[in-house]
Amino acid sequence: QVQLVESGGGLVQPGGSLRLSCAASKSAQGIFLMGWYRQAPGRQRELVGQVLRDGTTNYGDSMTGRFGISRDNTRNTIDLRIYSLRPEDTAVYYCKAILLGVAYWGQGTQVTVSS
């Protein structure tokens with residue numbers, strides 16, 4: 001099993017930036033995929049970005065430009081940076097990991113973009 005703990009959420013003003021961090025309880029070198037998803041009220045959970053063990057990175061639709069994702073296998077973490085935040089970025093952001101074919105999710109961290 002893998003436990004994932006997210007941090008860094010909160011209330012941010014429009015135009016601001018934010019860094020979310022997710023720490024895995026196991027060595028990230030063995031984890032096939034680590035990524036970030038988000039779920040806004042009344043909407044389905046959607047991919048923000050993910051990084052495979054070999055470093056291959058991809059982002060969800062419309063998630064390029066303002067989003068940066070980075071994985072550090074020595075620290076067992078995956079970080080998400082969001083720039084020029086908009087009210088529509090308001091959502092619960094979830095960390096995901098896939099290990100030996102099993103998907104694990106963090107508890108989520110709320111990001112609210114509002115003035």
# chains A, B, ... in the order shown; residues from 1 in each chain; ligands from 1
$ residues_around --residues "A:Gln1" --least-positions-apart "6" --cutoff "12 Å" --atoms "only C-alpha atoms" --output "MDAnalysis selection string"
chainID A and resid 24:27 30:31 97:105
$ write_last_selection --atoms "N, CA and C atoms" --output "compact mmCIF listing (two decimals), in the first residue's frame"
# COMPACT_ATOMS: atom_id res chain seq x y z
N ALA A 24 4.62 10.60 -0.67
CA ALA A 24 4.26 9.19 -0.66
C ALA A 24 4.97 8.47 0.48
N SER A 25 4.30 7.46 1.01
CA SER A 25 4.87 6.73 2.16
C SER A 25 5.90 5.70 1.73
N LYS A 26 5.96 5.40 0.43
CA LYS A 26 6.94 4.44 -0.08
C LYS A 26 7.89 5.13 -1.03
N SER A 27 8.98 4.46 -1.31
CA SER A 27 9.93 5.00 -2.26
C SER A 27 9.26 5.25 -3.59
N GLY A 30 9.75 3.16 -7.06
CA GLY A 30 9.00 1.97 -7.45
C GLY A 30 7.59 2.27 -7.92
N ILE A 31 7.18 3.51 -7.81
CA ILE A 31 5.81 3.87 -8.16
C ILE A 31 5.75 4.20 -9.64
N ALA A 97 -1.36 7.84 -7.11
CA ALA A 97 -0.19 7.02 -7.41
C ALA A 97 -0.65 5.65 -7.87
N ILE A 98 0.10 5.08 -8.79
CA ILE A 98 -0.17 3.71 -9.24
C ILE A 98 1.06 2.87 -8.95
N LEU A 99 0.87 1.83 -8.17
CA LEU A 99 1.94 0.92 -7.78
C LEU A 99 1.47 -0.50 -8.02
N LEU A 100 2.19 -1.24 -8.82
CA LEU A 100 1.86 -2.64 -9.13
C LEU A 100 0.41 -2.77 -9.60
N GLY A 101 -0.01 -1.82 -10.39
CA GLY A 101 -1.34 -1.89 -10.99
C GLY A 101 -2.48 -1.42 -10.11
N VAL A 102 -2.18 -0.99 -8.92
CA VAL A 102 -3.21 -0.53 -7.98
C VAL A 102 -3.11 0.98 -7.84
N ALA A 103 -4.26 1.65 -7.93
CA ALA A 103 -4.30 3.10 -7.81
C ALA A 103 -4.58 3.50 -6.36
N TYR A 104 -3.86 4.48 -5.90
CA TYR A 104 -4.03 5.02 -4.55
C TYR A 104 -4.28 6.52 -4.66
N TRP A 105 -5.12 7.03 -3.75
CA TRP A 105 -5.48 8.44 -3.76
C TRP A 105 -5.21 9.06 -2.40
$ select_by_dssp --residues "chain A" --states "helix (DSSP H, G or I)" --output "ChimeraX atom specification"
/A:28-30,87-89
$ closest_atom_pairs --of "stretch 20-53 of chain A" --to "stretch 67-89 of chain A" --cutoff "7 Å" --atoms "only C-alpha atoms" --output "JSON lines"
{"residue": "A:Leu20", "atom": "CA", "partner": "A:Leu80", "partner_atom": "CA", "distance": 5.0}
{"residue": "A:Ser21", "atom": "CA", "partner": "A:Asp79", "partner_atom": "CA", "distance": 4.4}
{"residue": "A:Cys22", "atom": "CA", "partner": "A:Ile78", "partner_atom": "CA", "distance": 5.3}
{"residue": "A:Ala23", "atom": "CA", "partner": "A:Thr77", "partner_atom": "CA", "distance": 4.5}
{"residue": "A:Ala24", "atom": "CA", "partner": "A:Asn76", "partner_atom": "CA", "distance": 5.5}
{"residue": "A:Ser27", "atom": "CA", "partner": "A:Asn76", "partner_atom": "CA", "distance": 5.7}
{"residue": "A:Ala28", "atom": "CA", "partner": "A:Asn76", "partner_atom": "CA", "distance": 4.6}
{"residue": "A:Gln29", "atom": "CA", "partner": "A:Asn73", "partner_atom": "CA", "distance": 5.4}
{"residue": "A:Met34", "atom": "CA", "partner": "A:Ile78", "partner_atom": "CA", "distance": 6.8}
{"residue": "A:Gly49", "atom": "CA", "partner": "A:Ile69", "partner_atom": "CA", "distance": 6.5}
{"residue": "A:Val51", "atom": "CA", "partner": "A:Arg71", "partner_atom": "CA", "distance": 6.7}
$ write_last_selection --atoms "all heavy atoms" --output "PDB file, in the first residue's frame"
ATOM      1  N   LEU A  20       1.267  22.955  -4.618  1.00  0.00           N
ATOM      2  CA  LEU A  20       0.758  21.814  -3.873  1.00  0.00           C
ATOM      3  C   LEU A  20       1.829  20.738  -3.856  1.00  0.00           C
ATOM      4  O   LEU A  20       2.536  20.541  -4.850  1.00  0.00           O
ATOM      5  CB  LEU A  20      -0.511  21.262  -4.519  1.00  0.00           C
ATOM      6  CG  LEU A  20      -1.662  22.253  -4.720  1.00  0.00           C
ATOM      7  CD1 LEU A  20      -2.834  21.548  -5.398  1.00  0.00           C
ATOM      8  CD2 LEU A  20      -2.083  22.867  -3.410  1.00  0.00           C
ATOM      9  N   SER A  21       1.929  20.040  -2.738  1.00  0.00           N
ATOM     10  CA  SER A  21       2.908  18.981  -2.610  1.00  0.00           C
ATOM     11  C   SER A  21       2.238  17.705  -2.131  1.00  0.00           C
ATOM     12  O   SER A  21       1.310  17.749  -1.315  1.00  0.00           O
ATOM     13  CB  SER A  21       4.011  19.389  -1.638  1.00  0.00           C
ATOM     14  OG  SER A  21       5.047  18.432  -1.637  1.00  0.00           O
ATOM     15  N   CYS A  22       2.694  16.589  -2.641  1.00  0.00           N
ATOM     16  CA  CYS A  22       2.171  15.285  -2.237  1.00  0.00           C
ATOM     17  C   CYS A  22       3.349  14.399  -1.865  1.00  0.00           C
ATOM     18  O   CYS A  22       4.278  14.240  -2.662  1.00  0.00           O
ATOM     19  CB  CYS A  22       1.371  14.659  -3.368  1.00  0.00           C
ATOM     20  SG  CYS A  22       0.885  12.943  -3.073  1.00  0.00           S
ATOM     21  N   ALA A  23       3.290  13.835  -0.661  1.00  0.00           N
ATOM     22  CA  ALA A  23       4.347  12.957  -0.187  1.00  0.00           C
ATOM     23  C   ALA A  23       3.845  11.523  -0.122  1.00  0.00           C
ATOM     24  O   ALA A  23       2.770  11.264   0.429  1.00  0.00           O
ATOM     25  CB  ALA A  23       4.830  13.407   1.186  1.00  0.00           C
ATOM     26  N   ALA A  24       4.616  10.603  -0.668  1.00  0.00           N
ATOM     27  CA  ALA A  24       4.257   9.187  -0.664  1.00  0.00           C
ATOM     28  C   ALA A  24       4.971   8.469   0.476  1.00  0.00           C
ATOM     29  O   ALA A  24       6.094   8.811   0.827  1.00  0.00           O
ATOM     30  CB  ALA A  24       4.629   8.546  -1.995  1.00  0.00           C
ATOM     31  N   SER A  27       8.984   4.460  -1.312  1.00  0.00           N
ATOM     32  CA  SER A  27       9.935   5.003  -2.256  1.00  0.00           C
ATOM     33  C   SER A  27       9.262   5.253  -3.594  1.00  0.00           C
ATOM     34  O   SER A  27       8.665   4.352  -4.183  1.00  0.00           O
ATOM     35  CB  SER A  27      11.099   4.036  -2.454  1.00  0.00           C
ATOM     36  OG  SER A  27      11.916   4.465  -3.520  1.00  0.00           O
ATOM     37  N   ALA A  28       9.364   6.478  -4.073  1.00  0.00           N
ATOM     38  CA  ALA A  28       8.707   6.835  -5.326  1.00  0.00           C
ATOM     39  C   ALA A  28       9.366   6.168  -6.520  1.00  0.00           C
ATOM     40  O   ALA A  28       8.769   6.098  -7.597  1.00  0.00           O
ATOM     41  CB  ALA A  28       8.707   8.353  -5.494  1.00  0.00           C
ATOM     42  N   GLN A  29      10.570   5.644  -6.352  1.00  0.00           N
ATOM     43  CA  GLN A  29      11.249   5.022  -7.477  1.00  0.00           C
ATOM     44  C   GLN A  29      10.508   3.792  -7.962  1.00  0.00           C
ATOM     45  O   GLN A  29      10.610   3.417  -9.119  1.00  0.00           O
ATOM     46  CB  GLN A  29      12.686   4.672  -7.075  1.00  0.00           C
ATOM     47  CG  GLN A  29      13.559   5.891  -6.844  1.00  0.00           C
ATOM     48  CD  GLN A  29      14.984   5.523  -6.494  1.00  0.00           C
ATOM     49  OE1 GLN A  29      15.299   4.359  -6.265  1.00  0.00           O
ATOM     50  NE2 GLN A  29      15.852   6.508  -6.435  1.00  0.00           N
ATOM     51  N   MET A  34       2.742   8.949 -10.727  1.00  0.00           N
ATOM     52  CA  MET A  34       2.288   9.882  -9.702  1.00  0.00           C
ATOM     53  C   MET A  34       1.682  11.070 -10.422  1.00  0.00           C
ATOM     54  O   MET A  34       2.220  11.521 -11.451  1.00  0.00           O
ATOM     55  CB  MET A  34       3.426  10.334  -8.795  1.00  0.00           C
ATOM     56  CG  MET A  34       4.039   9.214  -7.976  1.00  0.00           C
ATOM     57  SD  MET A  34       5.265   9.805  -6.782  1.00  0.00           S
ATOM     58  CE  MET A  34       4.186  10.518  -5.513  1.00  0.00           C
ATOM     59  N   GLY A  49      -2.200  16.693 -14.238  1.00  0.00           N
ATOM     60  CA  GLY A  49      -0.945  16.274 -14.833  1.00  0.00           C
ATOM     61  C   GLY A  49      -0.399  15.055 -14.115  1.00  0.00           C
ATOM     62  O   GLY A  49      -0.778  14.778 -12.975  1.00  0.00           O
ATOM     63  N   VAL A  51       3.246  12.192 -13.939  1.00  0.00           N
ATOM     64  CA  VAL A  51       4.621  11.892 -14.315  1.00  0.00           C
ATOM     65  C   VAL A  51       4.849  10.396 -14.110  1.00  0.00           C
ATOM     66  O   VAL A  51       4.620   9.868 -13.018  1.00  0.00           O
ATOM     67  CB  VAL A  51       5.628  12.678 -13.459  1.00  0.00           C
ATOM     68  CG1 VAL A  51       7.049  12.423 -13.953  1.00  0.00           C
ATOM     69  CG2 VAL A  51       5.324  14.176 -13.489  1.00  0.00           C
TER      70      VAL A  51
END
$ select_by_dssp --residues "chain A" --states "strand (DSSP E)" --output "JSON, numbers by chain"
{"A": [4, 5, 6, 7, 10, 11, 12, 18, 19, 20, 21, 22, 23, 24, 33, 34, 35, 36, 37, 38, 39, 46, 47, 48, 49, 50, 51, 52, 57, 58, 59, 67, 68, 69, 70, 71, 72, 77, 78, 79, 80, 81, 82, 91, 92, 93, 94, 95, 96, 97, 98, 99, 102, 103, 104, 105, 109, 110, 111, 112, 113]}
$ atom_distance --atom1 "atom CA of A:Gln39" --atom2 "atom CA of A:Cys95"
11.4 Å
$ decode --residues "stretch 20-31 of chain A" --atoms "all heavy atoms" --output "mmCIF file, in the first residue's frame"
data_model
loop_
_atom_site.group_PDB
_atom_site.id
_atom_site.type_symbol
_atom_site.label_atom_id
_atom_site.label_comp_id
_atom_site.auth_asym_id
_atom_site.auth_seq_id
_atom_site.Cartn_x
_atom_site.Cartn_y
_atom_site.Cartn_z
ATOM 1 N N LEU A 20 1.267 22.955 -4.618
ATOM 2 C CA LEU A 20 0.758 21.814 -3.873
ATOM 3 C C LEU A 20 1.829 20.738 -3.856
ATOM 4 O O LEU A 20 2.536 20.541 -4.850
ATOM 5 C CB LEU A 20 -0.511 21.262 -4.519
ATOM 6 C CG LEU A 20 -1.662 22.253 -4.720
ATOM 7 C CD1 LEU A 20 -2.834 21.548 -5.398
ATOM 8 C CD2 LEU A 20 -2.083 22.867 -3.410
ATOM 9 N N SER A 21 1.929 20.040 -2.738
ATOM 10 C CA SER A 21 2.908 18.981 -2.610
ATOM 11 C C SER A 21 2.238 17.705 -2.131
ATOM 12 O O SER A 21 1.310 17.749 -1.315
ATOM 13 C CB SER A 21 4.011 19.389 -1.638
ATOM 14 O OG SER A 21 5.047 18.432 -1.637
ATOM 15 N N CYS A 22 2.694 16.589 -2.641
ATOM 16 C CA CYS A 22 2.171 15.285 -2.237
ATOM 17 C C CYS A 22 3.349 14.399 -1.865
ATOM 18 O O CYS A 22 4.278 14.240 -2.662
ATOM 19 C CB CYS A 22 1.371 14.659 -3.368
ATOM 20 S SG CYS A 22 0.885 12.943 -3.073
ATOM 21 N N ALA A 23 3.290 13.835 -0.661
ATOM 22 C CA ALA A 23 4.347 12.957 -0.187
ATOM 23 C C ALA A 23 3.845 11.523 -0.122
ATOM 24 O O ALA A 23 2.770 11.264 0.429
ATOM 25 C CB ALA A 23 4.830 13.407 1.186
ATOM 26 N N ALA A 24 4.616 10.603 -0.668
ATOM 27 C CA ALA A 24 4.257 9.187 -0.664
ATOM 28 C C ALA A 24 4.971 8.469 0.476
ATOM 29 O O ALA A 24 6.094 8.811 0.827
ATOM 30 C CB ALA A 24 4.629 8.546 -1.995
ATOM 31 N N SER A 25 4.300 7.457 1.014
ATOM 32 C CA SER A 25 4.867 6.728 2.155
ATOM 33 C C SER A 25 5.903 5.702 1.726
ATOM 34 O O SER A 25 6.629 5.175 2.554
ATOM 35 C CB SER A 25 3.746 6.027 2.930
ATOM 36 O OG SER A 25 3.072 5.098 2.109
ATOM 37 N N LYS A 26 5.961 5.400 0.428
ATOM 38 C CA LYS A 26 6.938 4.435 -0.075
ATOM 39 C C LYS A 26 7.891 5.130 -1.035
ATOM 40 O O LYS A 26 7.613 6.218 -1.538
ATOM 41 C CB LYS A 26 6.218 3.299 -0.815
ATOM 42 C CG LYS A 26 5.495 2.315 0.080
ATOM 43 C CD LYS A 26 4.972 1.155 -0.731
ATOM 44 C CE LYS A 26 4.286 0.149 0.166
ATOM 45 N NZ LYS A 26 5.255 -0.582 0.979
ATOM 46 N N SER A 27 8.984 4.460 -1.312
ATOM 47 C CA SER A 27 9.935 5.003 -2.256
ATOM 48 C C SER A 27 9.262 5.253 -3.594
ATOM 49 O O SER A 27 8.665 4.352 -4.183
ATOM 50 C CB SER A 27 11.099 4.036 -2.454
ATOM 51 O OG SER A 27 11.916 4.465 -3.520
ATOM 52 N N ALA A 28 9.364 6.478 -4.073
ATOM 53 C CA ALA A 28 8.707 6.835 -5.326
ATOM 54 C C ALA A 28 9.366 6.168 -6.520
ATOM 55 O O ALA A 28 8.769 6.098 -7.597
ATOM 56 C CB ALA A 28 8.707 8.353 -5.494
ATOM 57 N N GLN A 29 10.570 5.644 -6.352
ATOM 58 C CA GLN A 29 11.249 5.022 -7.477
ATOM 59 C C GLN A 29 10.508 3.792 -7.962
ATOM 60 O O GLN A 29 10.610 3.417 -9.119
ATOM 61 C CB GLN A 29 12.686 4.672 -7.075
ATOM 62 C CG GLN A 29 13.559 5.891 -6.844
ATOM 63 C CD GLN A 29 14.984 5.523 -6.494
ATOM 64 O OE1 GLN A 29 15.299 4.359 -6.265
ATOM 65 N NE2 GLN A 29 15.852 6.508 -6.435
ATOM 66 N N GLY A 30 9.750 3.157 -7.056
ATOM 67 C CA GLY A 30 9.005 1.973 -7.446
ATOM 68 C C GLY A 30 7.592 2.266 -7.920
ATOM 69 O O GLY A 30 6.892 1.367 -8.391
ATOM 70 N N ILE A 31 7.182 3.512 -7.805
ATOM 71 C CA ILE A 31 5.813 3.875 -8.157
ATOM 72 C C ILE A 31 5.747 4.202 -9.644
ATOM 73 O O ILE A 31 6.469 5.080 -10.116
ATOM 74 C CB ILE A 31 5.324 5.070 -7.328
ATOM 75 C CG1 ILE A 31 5.300 4.683 -5.841
ATOM 76 C CG2 ILE A 31 3.941 5.518 -7.771
ATOM 77 C CD1 ILE A 31 4.931 5.817 -4.914
#
